[in-house]
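K.L.:
For reference, this is structure-v1.tsv, and it has TSV, C-alpha atoms.
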```
chain	number	residue	atom	x	y	z
A	1	MET	CA	-17.35	32.88	-0.90
A	2	LYS	CA	-20.30	30.60	-0.45
A	3	PHE	CA	-21.26	27.07	-1.51
A	4	ASN	CA	-23.46	24.14	-0.53
A	5	VAL	CA	-22.32	20.51	-0.50
A	6	PRO	CA	-23.74	17.18	0.78
A	7	SER	CA	-22.08	16.40	4.12
A	8	LYS	CA	-21.30	12.74	3.38
A	9	THR	CA	-19.87	13.53	-0.03
A	10	LEU	CA	-17.53	16.09	1.49
A	11	LEU	CA	-16.65	13.65	4.28
A	12	SER	CA	-15.57	10.99	1.79
A	13	PHE	CA	-13.28	13.47	0.03
A	14	VAL	CA	-11.69	14.99	3.14
A	15	SER	CA	-11.21	11.52	4.65
A	16	ALA	CA	-9.40	10.39	1.51
A	17	VAL	CA	-7.30	13.52	1.09
A	18	GLY	CA	-6.49	13.57	4.81
A	19	LYS	CA	-4.48	10.36	4.49
A	20	VAL	CA	-1.57	12.49	3.27
A	21	ILE	CA	-1.46	14.60	6.46
A	22	ASN	CA	1.25	13.51	8.90
A	23	THR	CA	0.58	13.05	12.60
A	24	LYS	CA	3.28	15.64	13.30
A	25	ASN	CA	4.15	18.36	10.80
A	26	ALA	CA	7.08	20.76	10.81
A	27	LEU	CA	4.73	23.45	9.50
A	28	THR	CA	1.51	23.88	11.49
A	29	ILE	CA	-0.44	24.92	8.43
A	30	LEU	CA	0.05	21.43	6.99
A	31	ASN	CA	-2.44	20.21	9.60
A	32	ASN	CA	-5.07	21.97	7.49
A	33	PHE	CA	-7.02	21.22	4.33
A	34	LEU	CA	-6.72	23.75	1.55
A	35	PHE	CA	-10.11	24.42	-0.05
A	36	ILE	CA	-10.19	26.06	-3.48
A	37	LEU	CA	-13.50	27.20	-4.99
A	38	GLU	CA	-13.61	27.78	-8.73
A	39	GLY	CA	-17.06	28.03	-10.28
A	40	ASP	CA	-19.04	24.96	-9.22
A	41	THR	CA	-15.93	22.90	-8.44
A	42	LEU	CA	-14.46	22.61	-4.96
A	43	THR	CA	-10.93	21.25	-4.72
A	44	VAL	CA	-9.75	19.81	-1.40
A	45	LYS	CA	-5.97	19.52	-0.99
A	46	ALA	CA	-3.56	18.18	1.62
A	47	SER	CA	0.22	17.93	1.56
A	48	ASP	CA	3.23	16.87	3.62
A	49	MET	CA	5.64	18.69	1.24
A	50	GLU	CA	6.62	15.40	-0.41
A	51	ASN	CA	3.15	14.15	-1.27
A	52	SER	CA	0.22	16.28	-2.41
A	53	LEU	CA	-3.28	14.92	-2.89
A	54	MET	CA	-6.22	16.81	-4.37
A	55	GLY	CA	-9.84	15.74	-4.63
A	56	ARG	CA	-12.41	17.48	-6.86
A	57	LEU	CA	-16.16	17.55	-6.24
A	58	GLU	CA	-19.13	19.50	-7.54
A	59	VAL	CA	-20.97	21.97	-5.27
A	60	THR	CA	-24.16	23.98	-5.62
A	61	GLU	CA	-25.20	27.57	-4.86
A	62	ALA	CA	-21.60	28.66	-5.40
A	63	GLU	CA	-20.82	32.36	-5.07
A	64	GLY	CA	-17.40	33.92	-5.56
A	65	SER	CA	-14.08	32.12	-5.77
A	66	GLY	CA	-10.88	31.82	-3.77
A	67	SER	CA	-9.12	29.61	-1.27
A	68	PHE	CA	-9.03	29.05	2.48
A	69	CYS	CA	-7.60	26.55	5.00
A	70	LEU	CA	-9.44	24.70	7.77
A	71	ASP	CA	-8.09	22.37	10.45
A	72	GLY	CA	-8.13	18.82	9.09
A	73	HIS	CA	-9.03	16.90	12.25
A	74	ARG	CA	-11.80	19.30	13.22
A	75	MET	CA	-13.38	19.11	9.77
A	76	VAL	CA	-13.31	15.31	9.65
A	77	ASP	CA	-14.69	15.01	13.20
A	78	LEU	CA	-17.51	17.46	12.45
A	79	LEU	CA	-18.53	15.82	9.17
A	80	LYS	CA	-18.55	12.35	10.75
A	81	GLU	CA	-21.28	13.53	13.13
A	82	MET	CA	-23.29	15.42	10.52
A	83	PRO	CA	-26.51	13.88	9.17
A	84	ASP	CA	-26.54	13.13	5.45
A	85	GLN	CA	-27.82	16.44	4.12
A	86	GLY	CA	-26.60	19.61	2.48
A	87	ILE	CA	-24.44	22.02	4.47
A	88	THR	CA	-23.57	25.57	3.51
A	89	PHE	CA	-20.16	27.21	3.90
A	90	GLU	CA	-19.95	31.00	4.01
A	91	ILE	CA	-16.46	32.51	4.11
A	92	ASP	CA	-15.80	36.19	4.75
A	93	ASP	CA	-12.99	37.03	2.33
A	94	GLU	CA	-11.74	39.87	4.52
A	95	ASN	CA	-11.45	38.41	8.01
A	96	MET	CA	-11.60	34.67	7.06
A	97	GLU	CA	-14.54	34.00	9.37
A	98	VAL	CA	-16.34	30.79	8.37
A	99	LYS	CA	-19.96	29.95	9.06
A	100	ILE	CA	-21.11	26.38	8.50
A	101	THR	CA	-24.88	25.94	8.54
A	102	TYR	CA	-27.34	23.11	8.13
A	103	PRO	CA	-31.07	22.96	8.92
A	104	ASN	CA	-30.54	22.19	12.62
A	105	GLY	CA	-27.49	24.25	13.55
A	106	VAL	CA	-24.74	26.73	12.87
A	107	TYR	CA	-20.99	26.40	13.49
A	108	ASN	CA	-18.46	29.22	13.42
A	109	THR	CA	-14.70	28.98	13.04
A	110	MET	CA	-11.77	30.89	11.62
A	111	ALA	CA	-9.95	29.98	8.44
A	112	ILE	CA	-6.46	30.78	7.20
A	113	ASN	CA	-6.10	32.54	3.87
A	114	GLY	CA	-5.29	30.00	1.19
A	115	VAL	CA	-2.35	32.04	-0.12
A	116	GLU	CA	-0.44	31.10	3.05
A	117	TYR	CA	-0.60	27.37	2.26
A	118	PRO	CA	2.83	26.22	1.07
A	119	THR	CA	3.09	25.29	-2.59
A	120	VAL	CA	4.86	22.17	-3.75
A	121	GLU	CA	6.60	22.29	-7.08
A	122	PRO	CA	4.31	20.27	-9.37
A	123	THR	CA	5.55	17.37	-11.45
A	124	GLU	CA	6.94	18.57	-14.75
A	125	THR	CA	4.88	16.90	-17.47
A	126	GLU	CA	7.31	17.87	-20.25
A	127	GLY	CA	9.52	14.91	-21.03
A	128	ALA	CA	7.53	12.64	-18.71
A	129	VAL	CA	6.73	9.04	-19.50
A	130	ASN	CA	2.94	8.74	-19.58
A	131	PHE	CA	0.70	5.70	-19.50
A	132	VAL	CA	-2.79	4.65	-18.44
A	133	CYS	CA	-3.53	1.54	-16.40
A	134	SER	CA	-6.62	0.00	-14.85
A	135	THR	CA	-7.24	0.61	-11.18
A	136	GLU	CA	-7.53	-3.14	-10.61
A	137	GLN	CA	-4.00	-3.57	-11.95
A	138	VAL	CA	-2.63	-0.93	-9.57
A	139	MET	CA	-4.57	-2.22	-6.54
A	140	LYS	CA	-3.46	-5.81	-7.05
A	141	GLY	CA	0.13	-4.73	-7.60
A	142	ILE	CA	0.23	-2.83	-4.31
A	143	GLU	CA	-1.77	-5.38	-2.27
A	144	ASN	CA	0.49	-8.25	-3.33
A	145	THR	CA	3.77	-6.48	-2.58
A	146	ILE	CA	3.39	-3.88	0.17
A	147	PHE	CA	3.82	-6.46	2.96
A	148	ALA	CA	7.42	-7.08	1.84
A	149	VAL	CA	8.56	-3.44	1.81
A	150	GLY	CA	11.67	-2.91	3.91
A	151	SER	CA	12.03	-0.50	6.83
A	152	ASP	CA	15.83	-0.17	7.05
A	153	GLN	CA	16.71	3.53	6.81
A	154	LEU	CA	20.19	2.56	5.60
A	155	ARG	CA	18.62	0.93	2.53
A	156	PRO	CA	16.10	3.53	1.34
A	157	GLN	CA	15.73	1.87	-2.08
A	158	MET	CA	14.01	-1.04	-0.33
A	159	MET	CA	11.53	1.20	1.50
A	160	GLY	CA	9.16	1.21	-1.44
A	161	ILE	CA	7.65	-0.79	-4.29
A	162	LEU	CA	9.49	-1.02	-7.59
A	163	TRP	CA	7.29	-0.46	-10.64
A	164	ASP	CA	9.13	-2.04	-13.56
A	165	VAL	CA	6.91	-0.90	-16.41
A	166	LYS	CA	7.08	-2.84	-19.69
A	167	PRO	CA	5.11	-2.17	-22.89
A	168	ASP	CA	2.78	-5.12	-22.25
A	169	ARG	CA	2.76	-5.42	-18.45
A	170	ILE	CA	3.81	-3.96	-15.09
A	171	ILE	CA	6.10	-5.84	-12.70
A	172	PHE	CA	5.74	-4.88	-9.03
A	173	VAL	CA	8.60	-5.86	-6.71
A	174	ALA	CA	9.32	-5.37	-2.99
A	175	THR	CA	11.92	-6.82	-0.66
A	176	ASP	CA	13.29	-6.44	2.86
A	177	THR	CA	16.23	-8.81	2.16
A	178	ARG	CA	14.56	-11.69	4.05
A	179	LYS	CA	11.65	-12.00	1.66
A	180	LEU	CA	11.06	-10.77	-1.87
A	181	VAL	CA	7.84	-10.65	-3.85
A	182	ARG	CA	7.49	-10.21	-7.62
A	183	TYR	CA	4.01	-9.67	-8.99
A	184	THR	CA	3.48	-9.37	-12.74
A	185	ASN	CA	0.20	-8.03	-14.10
A	186	ALA	CA	-0.79	-7.58	-17.76
A	187	LEU	CA	-4.44	-6.51	-17.35
A	188	SER	CA	-3.61	-3.37	-19.30
A	189	ALA	CA	-0.63	-2.62	-21.53
A	190	PRO	CA	1.21	0.64	-20.68
A	191	GLY	CA	2.76	0.81	-24.13
A	192	CYS	CA	5.98	2.28	-22.75
A	193	GLU	CA	8.99	1.35	-20.65
A	194	CYS	CA	10.23	2.93	-17.41
A	195	SER	CA	10.82	2.14	-13.75
A	196	PHE	CA	10.53	3.93	-10.43
A	197	ILE	CA	10.39	3.16	-6.69
A	198	LEU	CA	7.10	4.21	-5.09
A	199	PRO	CA	7.49	5.04	-1.35
A	200	ASN	CA	5.51	2.99	1.14
A	201	LYS	CA	3.36	5.93	2.27
A	202	ALA	CA	2.49	6.86	-1.31
A	203	ALA	CA	1.54	3.25	-2.06
A	204	THR	CA	-0.77	3.20	0.97
A	205	VAL	CA	-2.42	6.45	-0.10
A	206	ILE	CA	-3.03	5.15	-3.63
A	207	LYS	CA	-4.43	1.88	-2.30
A	208	ASN	CA	-6.89	3.70	-0.04
A	209	VAL	CA	-7.89	6.59	-2.30
A	210	PHE	CA	-7.97	5.32	-5.89
A	211	SER	CA	-9.69	1.96	-5.33
A	212	ARG	CA	-13.06	3.17	-6.65
A	213	GLU	CA	-11.69	4.92	-9.72
A	214	ALA	CA	-12.01	3.29	-13.16
A	215	GLU	CA	-8.50	3.97	-14.39
A	216	VAL	CA	-5.37	5.86	-13.40
A	217	ARG	CA	-3.20	8.06	-15.60
A	218	VAL	CA	0.45	8.02	-14.59
A	219	SER	CA	3.17	10.54	-15.48
A	220	VAL	CA	6.71	9.57	-14.49
A	221	THR	CA	9.65	11.94	-14.25
A	222	GLU	CA	13.09	11.60	-12.72
A	223	LYS	CA	12.02	13.05	-9.36
A	224	SER	CA	8.31	12.45	-9.01
A	225	ILE	CA	5.19	10.69	-10.22
A	226	LEU	CA	1.74	12.08	-10.91
A	227	PHE	CA	-1.29	9.80	-10.50
A	228	GLU	CA	-4.55	11.20	-11.83
A	229	SER	CA	-8.13	9.94	-12.05
A	230	ALA	CA	-11.51	11.54	-12.61
A	231	SER	CA	-11.74	12.65	-8.96
A	232	TYR	CA	-8.19	12.76	-7.57
A	233	THR	CA	-4.70	13.98	-8.41
A	234	PHE	CA	-1.77	12.64	-6.39
A	235	ASP	CA	1.75	14.02	-6.77
A	236	CYS	CA	4.51	12.19	-4.92
A	237	ARG	CA	8.29	12.03	-4.85
A	238	VAL	CA	10.07	8.86	-5.89
A	239	ILE	CA	12.81	7.13	-3.91
A	240	LYS	CA	16.16	7.94	-5.44
A	241	GLY	CA	18.65	5.23	-6.28
A	242	SER	CA	18.59	1.86	-7.97
A	243	PHE	CA	16.48	-1.06	-6.83
A	244	PRO	CA	18.45	-4.30	-6.32
A	245	PRO	CA	18.49	-6.58	-9.41
A	246	TYR	CA	15.60	-8.71	-8.23
A	247	ASP	CA	15.77	-11.41	-10.92
A	248	ARG	CA	19.26	-12.40	-9.78
A	249	VAL	CA	18.10	-13.44	-6.31
A	250	ILE	CA	15.17	-15.56	-7.48
A	251	PRO	CA	16.19	-19.24	-7.48
A	252	GLN	CA	15.68	-20.77	-10.90
A	253	ASN	CA	16.20	-24.48	-10.33
A	254	ASN	CA	14.89	-25.52	-6.93
A	255	PRO	CA	14.21	-29.22	-7.60
A	256	TYR	CA	11.98	-30.21	-4.67
A	257	SER	CA	8.29	-29.35	-4.52
A	258	LEU	CA	6.15	-29.11	-1.35
A	259	THR	CA	2.41	-28.52	-1.81
A	260	VAL	CA	0.08	-27.90	1.15
A	261	ASP	CA	-3.49	-26.82	1.76
A	262	ARG	CA	-3.12	-23.10	2.50
A	263	LEU	CA	-5.61	-22.72	5.35
A	264	SER	CA	-4.65	-25.97	7.09
A	265	PHE	CA	-1.00	-24.98	6.91
A	266	ILE	CA	-1.57	-21.46	8.28
A	267	ASN	CA	-3.57	-22.78	11.22
A	268	ALA	CA	-0.94	-25.41	12.00
A	269	VAL	CA	1.86	-22.83	11.94
A	270	ARG	CA	-0.11	-20.59	14.30
A	271	ARG	CA	-0.70	-23.42	16.77
A	272	VAL	CA	2.88	-24.68	16.72
A	273	GLY	CA	4.21	-21.14	16.91
A	274	VAL	CA	2.50	-20.65	20.28
A	275	PHE	CA	5.06	-22.99	21.84
A	276	GLY	CA	8.07	-21.57	20.00
A	277	ASP	CA	10.52	-18.80	20.73
A	278	GLY	CA	8.60	-15.57	20.43
A	279	GLY	CA	11.83	-13.72	19.67
A	280	ASN	CA	12.67	-15.32	16.33
A	281	GLY	CA	9.46	-17.23	15.54
A	282	LEU	CA	11.39	-20.21	14.18
A	283	VAL	CA	9.36	-23.16	12.94
A	284	LYS	CA	11.28	-26.23	11.76
A	285	PHE	CA	10.11	-28.24	8.77
A	286	LYS	CA	10.93	-31.96	8.94
A	287	LEU	CA	10.39	-33.14	5.37
A	288	ALA	CA	10.19	-36.64	3.95
A	289	PRO	CA	8.35	-37.94	0.87
A	290	ASP	CA	4.69	-36.85	1.30
A	291	SER	CA	5.38	-36.02	4.95
A	292	LEU	CA	5.69	-32.66	6.71
A	293	THR	CA	6.13	-32.20	10.45
A	294	LEU	CA	6.23	-28.71	11.95
A	295	ARG	CA	8.20	-28.23	15.18
A	296	ALA	CA	8.84	-25.29	17.47
A	297	GLN	CA	10.39	-24.92	20.90
A	298	ASP	CA	11.41	-22.34	23.45
A	299	ASN	CA	14.19	-23.60	25.72
A	300	SER	CA	13.86	-20.56	27.99
A	301	TYR	CA	10.40	-21.68	29.11
A	302	GLY	CA	10.72	-25.40	28.44
A	303	THR	CA	7.91	-25.44	25.87
A	304	SER	CA	7.71	-27.25	22.56
A	305	GLY	CA	5.16	-28.51	20.07
A	306	TRP	CA	4.88	-30.42	16.85
A	307	GLU	CA	2.17	-31.11	14.33
A	308	SER	CA	1.90	-33.23	11.21
A	309	VAL	CA	0.50	-31.48	8.14
A	310	PRO	CA	-0.92	-33.25	5.06
A	311	CYS	CA	1.20	-32.47	2.02
A	312	GLN	CA	2.65	-33.58	-1.27
A	313	TYR	CA	6.44	-33.60	-1.21
A	314	ASP	CA	8.66	-35.19	-3.82
A	315	GLY	CA	12.16	-34.41	-2.53
A	316	ASN	CA	14.84	-35.80	-0.26
A	317	GLU	CA	14.53	-35.76	3.50
A	318	MET	CA	15.34	-32.30	4.84
A	319	LEU	CA	15.26	-30.19	7.99
A	320	ILE	CA	14.74	-26.50	7.21
A	321	GLY	CA	13.52	-23.57	9.29
A	322	PHE	CA	11.39	-20.52	8.52
A	323	SER	CA	9.95	-17.59	10.47
A	324	ALA	CA	6.35	-18.32	11.48
A	325	PRO	CA	5.16	-14.68	11.14
A	326	TRP	CA	6.64	-14.45	7.63
A	327	LEU	CA	5.08	-17.75	6.59
A	328	ILE	CA	1.67	-16.60	7.79
A	329	GLU	CA	2.10	-13.24	6.07
A	330	ILE	CA	3.05	-14.85	2.75
A	331	PHE	CA	0.34	-17.51	2.84
A	332	ASN	CA	-2.26	-14.82	3.57
A	333	VAL	CA	-1.22	-12.93	0.44
A	334	ILE	CA	-1.44	-16.04	-1.74
A	335	ASN	CA	-5.18	-16.67	-1.99
A	336	THR	CA	-5.36	-20.01	-3.81
A	337	PRO	CA	-6.53	-23.19	-2.00
A	338	ASP	CA	-3.07	-24.77	-2.26
A	339	VAL	CA	0.41	-23.27	-2.09
A	340	THR	CA	3.59	-24.75	-3.50
A	341	MET	CA	7.07	-24.19	-2.06
A	342	LYS	CA	10.06	-24.94	-4.29
A	343	LEU	CA	13.08	-26.01	-2.19
A	344	MET	CA	16.71	-27.00	-2.70
A	345	ASP	CA	18.50	-27.33	0.66
A	346	PRO	CA	18.32	-25.81	4.19
A	347	GLY	CA	20.62	-22.94	3.25
A	348	ARG	CA	18.88	-21.82	0.05
A	349	ALA	CA	15.85	-19.58	-0.38
A	350	ALA	CA	12.43	-21.13	-0.96
A	351	VAL	CA	10.11	-20.00	-3.74
A	352	CYS	CA	6.42	-19.79	-2.79
A	353	LEU	CA	3.86	-20.02	-5.60
A	354	PRO	CA	0.06	-20.15	-5.82
A	355	SER	CA	-1.34	-23.44	-7.10
A	356	GLU	CA	-2.81	-21.58	-10.04
A	357	SER	CA	-2.32	-18.04	-11.37
A	358	GLU	CA	-5.05	-15.50	-11.93
A	359	PRO	CA	-5.63	-14.44	-15.55
A	360	GLU	CA	-2.99	-12.04	-16.86
A	361	SER	CA	-0.95	-12.20	-13.65
A	362	GLU	CA	1.86	-14.08	-11.93
A	363	LEU	CA	2.86	-14.05	-8.25
A	364	LEU	CA	6.19	-15.31	-6.92
A	365	ILE	CA	7.53	-14.91	-3.37
A	366	VAL	CA	11.06	-15.73	-2.23
A	367	LEU	CA	11.60	-16.53	1.46
A	368	MET	CA	15.02	-16.96	3.09
A	369	PRO	CA	15.31	-19.82	5.60
A	370	MET	CA	16.52	-19.46	9.19
A	371	SER	CA	19.41	-21.31	10.81
A	372	VAL	CA	18.36	-24.62	12.32
A	373	ILE	CA	20.16	-26.57	15.06
A	374	GLU	CA	18.86	-30.09	15.57
```
Could you write out this structure as C-alpha cells?

P.N.:
Amino acid sequence: MKFNVPSKTLLSFVSAVGKVINTKNALTILNNFLFILEGDTLTVKASDMENSLMGRLEVTEAEGSGSFCLDGHRMVDLLKEMPDQGITFEIDDENMEVKITYPNGVYNTMAINGVEYPTVEPTETEGAVNFVCSTEQVMKGIENTIFAVGSDQLRPQMMGILWDVKPDRIIFVATDTRKLVRYTNALSAPGCECSFILPNKAATVIKNVFSREAEVRVSVTEKSILFESASYTFDCRVIKGSFPPYDRVIPQNNPYSLTVDRLSFINAVRRVGVFGDGGNGLVKFKLAPDSLTLRAQDNSYGTSGWESVPCQYDGNEMLIGFSAPWLIEIFNVINTPDVTMKLMDPGRAAVCLPSESEPESELLIVLMPMSVIE
C-alpha cells in the first residue's frame, strides 16, 4: 500500500478520532489507530469497544488497498512536529513495515495488520429512528447541559444527557440531583419522536469532533446511536434505563423574582466565596425588596465576608443559601447580561432563567438550595 496526504490534514483527523481512545485500555491494540485505504479514500478509526469513531479523508498517489494499525500517541506526536506539506506512507503488506517520508526525512516503524483490530458490532439501521439536525442545534444542546451531568455510579441514568426528541424540537436534559438543566432547541425539526441518554464521554466527543460539520444524521436504536456527517461516523452505546421525569421536579409557581447583572453577580460571589467554607462553598442570600446581600463565613479559620449586589427583587424578606461553585457554573452557562432567579422559600429549588431567550430556544436551570443556619 502507498498513499500521500497533507500532514496537517491528517493531524486534524487523527487528533479528532483519537478522542475516543482511553488513557488505559484492556486491549493494547486499542491504543492504535486503524487505517483503511480504499481507492483514494483513507479511513482513520479508533475505538474503546463502546464508542467507535471514523474519519474519512481524500489522499493522492494511492496504490493498493488494505488496513493497518499504528500507535495513536506516536502518530499524533509525529504529525504535530511535521511541517505543513505532503507526506508519503508506504506499507509492506507482508511484514507490515511502514516507511513515512517527506522531503527532509524518513521515518520507519512497524504496523499491526488491520485484521487484528477488534470489530464492534455496528448499529443496526433496520428499525432505527432516523432524523437530521443542524450541528448548531447539537452543539448548543450539549454545551448548555453537559456541566450538570451526574457522576454517581449508582445512578447511571444521570451520567449522561437525555435527548427527548419531538417532531418540532429537541429537548436536552441533564441532572446530578442538586441541579437540573433543560434546554429546548427548535432550530431544525426532527420530524420524529424518540428519546435516549447520551453518555458523557460520547457527548464530549461529539462536541469536539462535529463542531465544523454542517449537519448531523442520527440513527437511534434500542442499544446504540449512530451520528454521521460528511467527514465522520460515530457509533456509541446508550445508557440503559429510564431518565428521571424531569418536568415533575421543575417548580411551576415560584412567586418571587430576583434579577441581577450576571457579571457583577459572578464576581461578587467569587470574592465573597474566598472567605467562606471551602468544603461546602455556601453563600447566603439575604433578600429584601430590591436588596441582595451575599454572606459567607468559615468558623474554622475565623473568616467571613459580605457584599451588597445591585438587584431587582419583588418578594418577601428571605435568607437562602446556595453553593458558590454551582452558582458560578450556572451563571457562566447563561450568557445574557441579566439573569433571573425565581424563588419561593429557603427550602424550595430556585429556577434560573436568562433575561431573554435566543431564537428558537429556551434554557431553564433548577438549583437546589443548601441548609442555612443564621

K.L.:
Just the number, please: distance in Å from atom CA of A:Ile239 to atom CA of A:Leu53, one decimal.

P.N.:
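Atom-to-atom, atom CA of A:Ile239 and atom CA of A:Leu53 are spaced 17.9 Å apart.
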
K.L.:
From the set A:Val351, A:Met159, A:Ile266, A:Met341, which residue has the shortest atom-to-atom contact distance to A:Val309, counting all atoms listed in the file?

P.N.:
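Closest candidate: A:Ile266.
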
K.L.:
Counting all atoms listed in the file, which residue out of A:Ser257, A:Ser323, A:Asn130, A:Thr233 sits closest to A:Cys194?

P.N.:
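Looking only at the distances to A:Cys194, the closest residue turns out to be A:Asn130.
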
K.L.:
I'd like to know which of A:Val333, A:Val181, A:Ile197, A:Ile29 is closest to A:Thr119, using only C-alpha atoms.

P.N.:
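Between A:Val333, A:Val181, A:Ile197, A:Ile29, the residue approaching A:Thr119 most closely is A:Ile29.
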
K.L.:
One decimal, Å: what's the distance from atom CA of A:Pro6 over to atom CA of A:Asp84, could you say?

P.N.:
6.8 Å

K.L.:
Between A:Asp176, A:Glu136, A:Asp261, A:Glu329, which is the closest to A:Phe243 once you count only C-alpha atoms?

P.N.:
A:Asp176

K.L.:
Would you compute the distance between atom CA of A:Thr145 and atom CA of A:Ser264? Give it in Å to one decimal.

P.N.:
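Value for the atom CA of A:Thr145-atom CA of A:Ser264 distance: 23.3 Å.
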
K.L.:
Let me make sure I understand: among A:Lys223, A:Arg262, A:Lys140, A:Arg169, which one has the smallest atom-to-atom distance to A:Glu358 if we use all atoms listed in the file?

P.N.:
A:Lys140

K.L.:
Please provide the set of residues having any atom within 7 Å of A:Leu11, restricted to all atoms listed in the file, with same-chain residues fewer than 5 positions apart removed, written as a PyMOL selection string.

P.N.:
chain A and resi 76+79-80

K.L.:
What lies within 10 Å of A:Ala26 using all atoms listed in the file, ignoring chain neighbours under 3 positions off, as a PyMOL selection string?

P.N.:
chain A and resi 22+29-31+48-49

K.L.:
Hey, what's within 7 Å of A:Asp314 if we count only C-alpha atoms and toss same-chain stuff fewer than 6 positions away? As a ChimeraX atom specification, please?

P.N.:
/A:256-257,289-290

K.L.:
Restricting the calculation to only C-alpha atoms: of A:Phe3, A:Phe131, A:Phe13, A:Phe172, which residue gets closest to A:Glu90?

P.N.:
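When distances to A:Glu90 are compared using only C-alpha atoms, the smallest one comes from A:Phe3.
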
K.L.:
Could you list, as a PyMOL selection string, every residue within 8 Å of A:Phe210, counting only C-alpha atoms and ignoring same-chain residues fewer than 3 positions away?

P.N.:
chain A and resi 135+206-207+213+216+229+232

K.L.:
Please produce an output containing C-alpha atoms for each residue in the selection, written as an mmCIF file, in the frame of the given file.

P.N.:
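As written to disk, result14.cif reads:
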```cif
data_model
loop_
_atom_site.group_PDB
_atom_site.id
_atom_site.type_symbol
_atom_site.label_atom_id
_atom_site.label_comp_id
_atom_site.auth_asym_id
_atom_site.auth_seq_id
_atom_site.Cartn_x
_atom_site.Cartn_y
_atom_site.Cartn_z
ATOM 1 C CA THR A 135 -7.240 0.610 -11.180
ATOM 2 C CA ILE A 206 -3.030 5.150 -3.630
ATOM 3 C CA LYS A 207 -4.430 1.880 -2.300
ATOM 4 C CA GLU A 213 -11.690 4.920 -9.720
ATOM 5 C CA VAL A 216 -5.370 5.860 -13.400
ATOM 6 C CA SER A 229 -8.130 9.940 -12.050
ATOM 7 C CA TYR A 232 -8.190 12.760 -7.570
#
```

K.L.:
Report the centre and edge lengths, in Å to one decimal, of an axis-aligned box enclosing every atom of stretch 66-82 of chain A listed in the file, padded by 8 Å on each side, as JSON.

P.N.:
```
{"center_x": -15.4, "center_y": 22.1, "center_z": 4.7, "size_x": 31.7, "size_y": 35.5, "size_z": 33.0}
```

K.L.:
Which residues are near A:Val372? Cut-off 9 Å, only C-alpha atoms, ignore same chain within fewer than 6 positions. Put them as a VMD selection string.

P.N.:
chain A and resid 282 284 319 to 322 346

K.L.:
Regenerate stretch 139-143 of chain A at the level of all heavy atoms and dump it as a CSV table (one decimal), in the frame of the given file.

P.N.:
```csv
chain,number,residue,atom,x,y,z
A,139,MET,N,-4.2,-1.7,-7.9
A,139,MET,CA,-4.6,-2.2,-6.5
A,139,MET,C,-3.9,-3.6,-6.3
A,139,MET,O,-3.4,-3.8,-5.2
A,139,MET,CB,-6.1,-2.3,-6.4
A,139,MET,CG,-6.8,-1.0,-6.4
A,139,MET,SD,-6.3,0.2,-5.1
A,139,MET,CE,-5.5,1.4,-6.1
A,140,LYS,N,-4.0,-4.5,-7.2
A,140,LYS,CA,-3.5,-5.8,-7.0
A,140,LYS,C,-1.9,-5.8,-6.9
A,140,LYS,O,-1.3,-6.5,-6.1
A,140,LYS,CB,-3.9,-6.7,-8.2
A,140,LYS,CG,-5.3,-7.2,-8.2
A,140,LYS,CD,-5.6,-8.2,-9.3
A,140,LYS,CE,-7.0,-8.7,-9.1
A,140,LYS,NZ,-7.4,-9.7,-10.2
A,141,GLY,N,-1.3,-4.9,-7.7
A,141,GLY,CA,0.1,-4.7,-7.6
A,141,GLY,C,0.6,-4.3,-6.2
A,141,GLY,O,1.5,-4.8,-5.7
A,142,ILE,N,-0.1,-3.3,-5.6
A,142,ILE,CA,0.2,-2.8,-4.3
A,142,ILE,C,-0.1,-3.9,-3.2
A,142,ILE,O,0.7,-4.1,-2.3
A,142,ILE,CB,-0.5,-1.5,-4.0
A,142,ILE,CG1,0.1,-0.4,-5.0
A,142,ILE,CG2,-0.3,-1.1,-2.6
A,142,ILE,CD1,-0.6,0.9,-4.9
A,143,GLU,N,-1.3,-4.4,-3.3
A,143,GLU,CA,-1.8,-5.4,-2.3
A,143,GLU,C,-0.9,-6.6,-2.2
A,143,GLU,O,-0.7,-7.1,-1.1
A,143,GLU,CB,-3.2,-5.8,-2.6
A,143,GLU,CG,-4.2,-4.7,-2.3
A,143,GLU,CD,-5.6,-5.1,-2.9
A,143,GLU,OE1,-5.7,-6.2,-3.5
A,143,GLU,OE2,-6.5,-4.3,-2.7
```
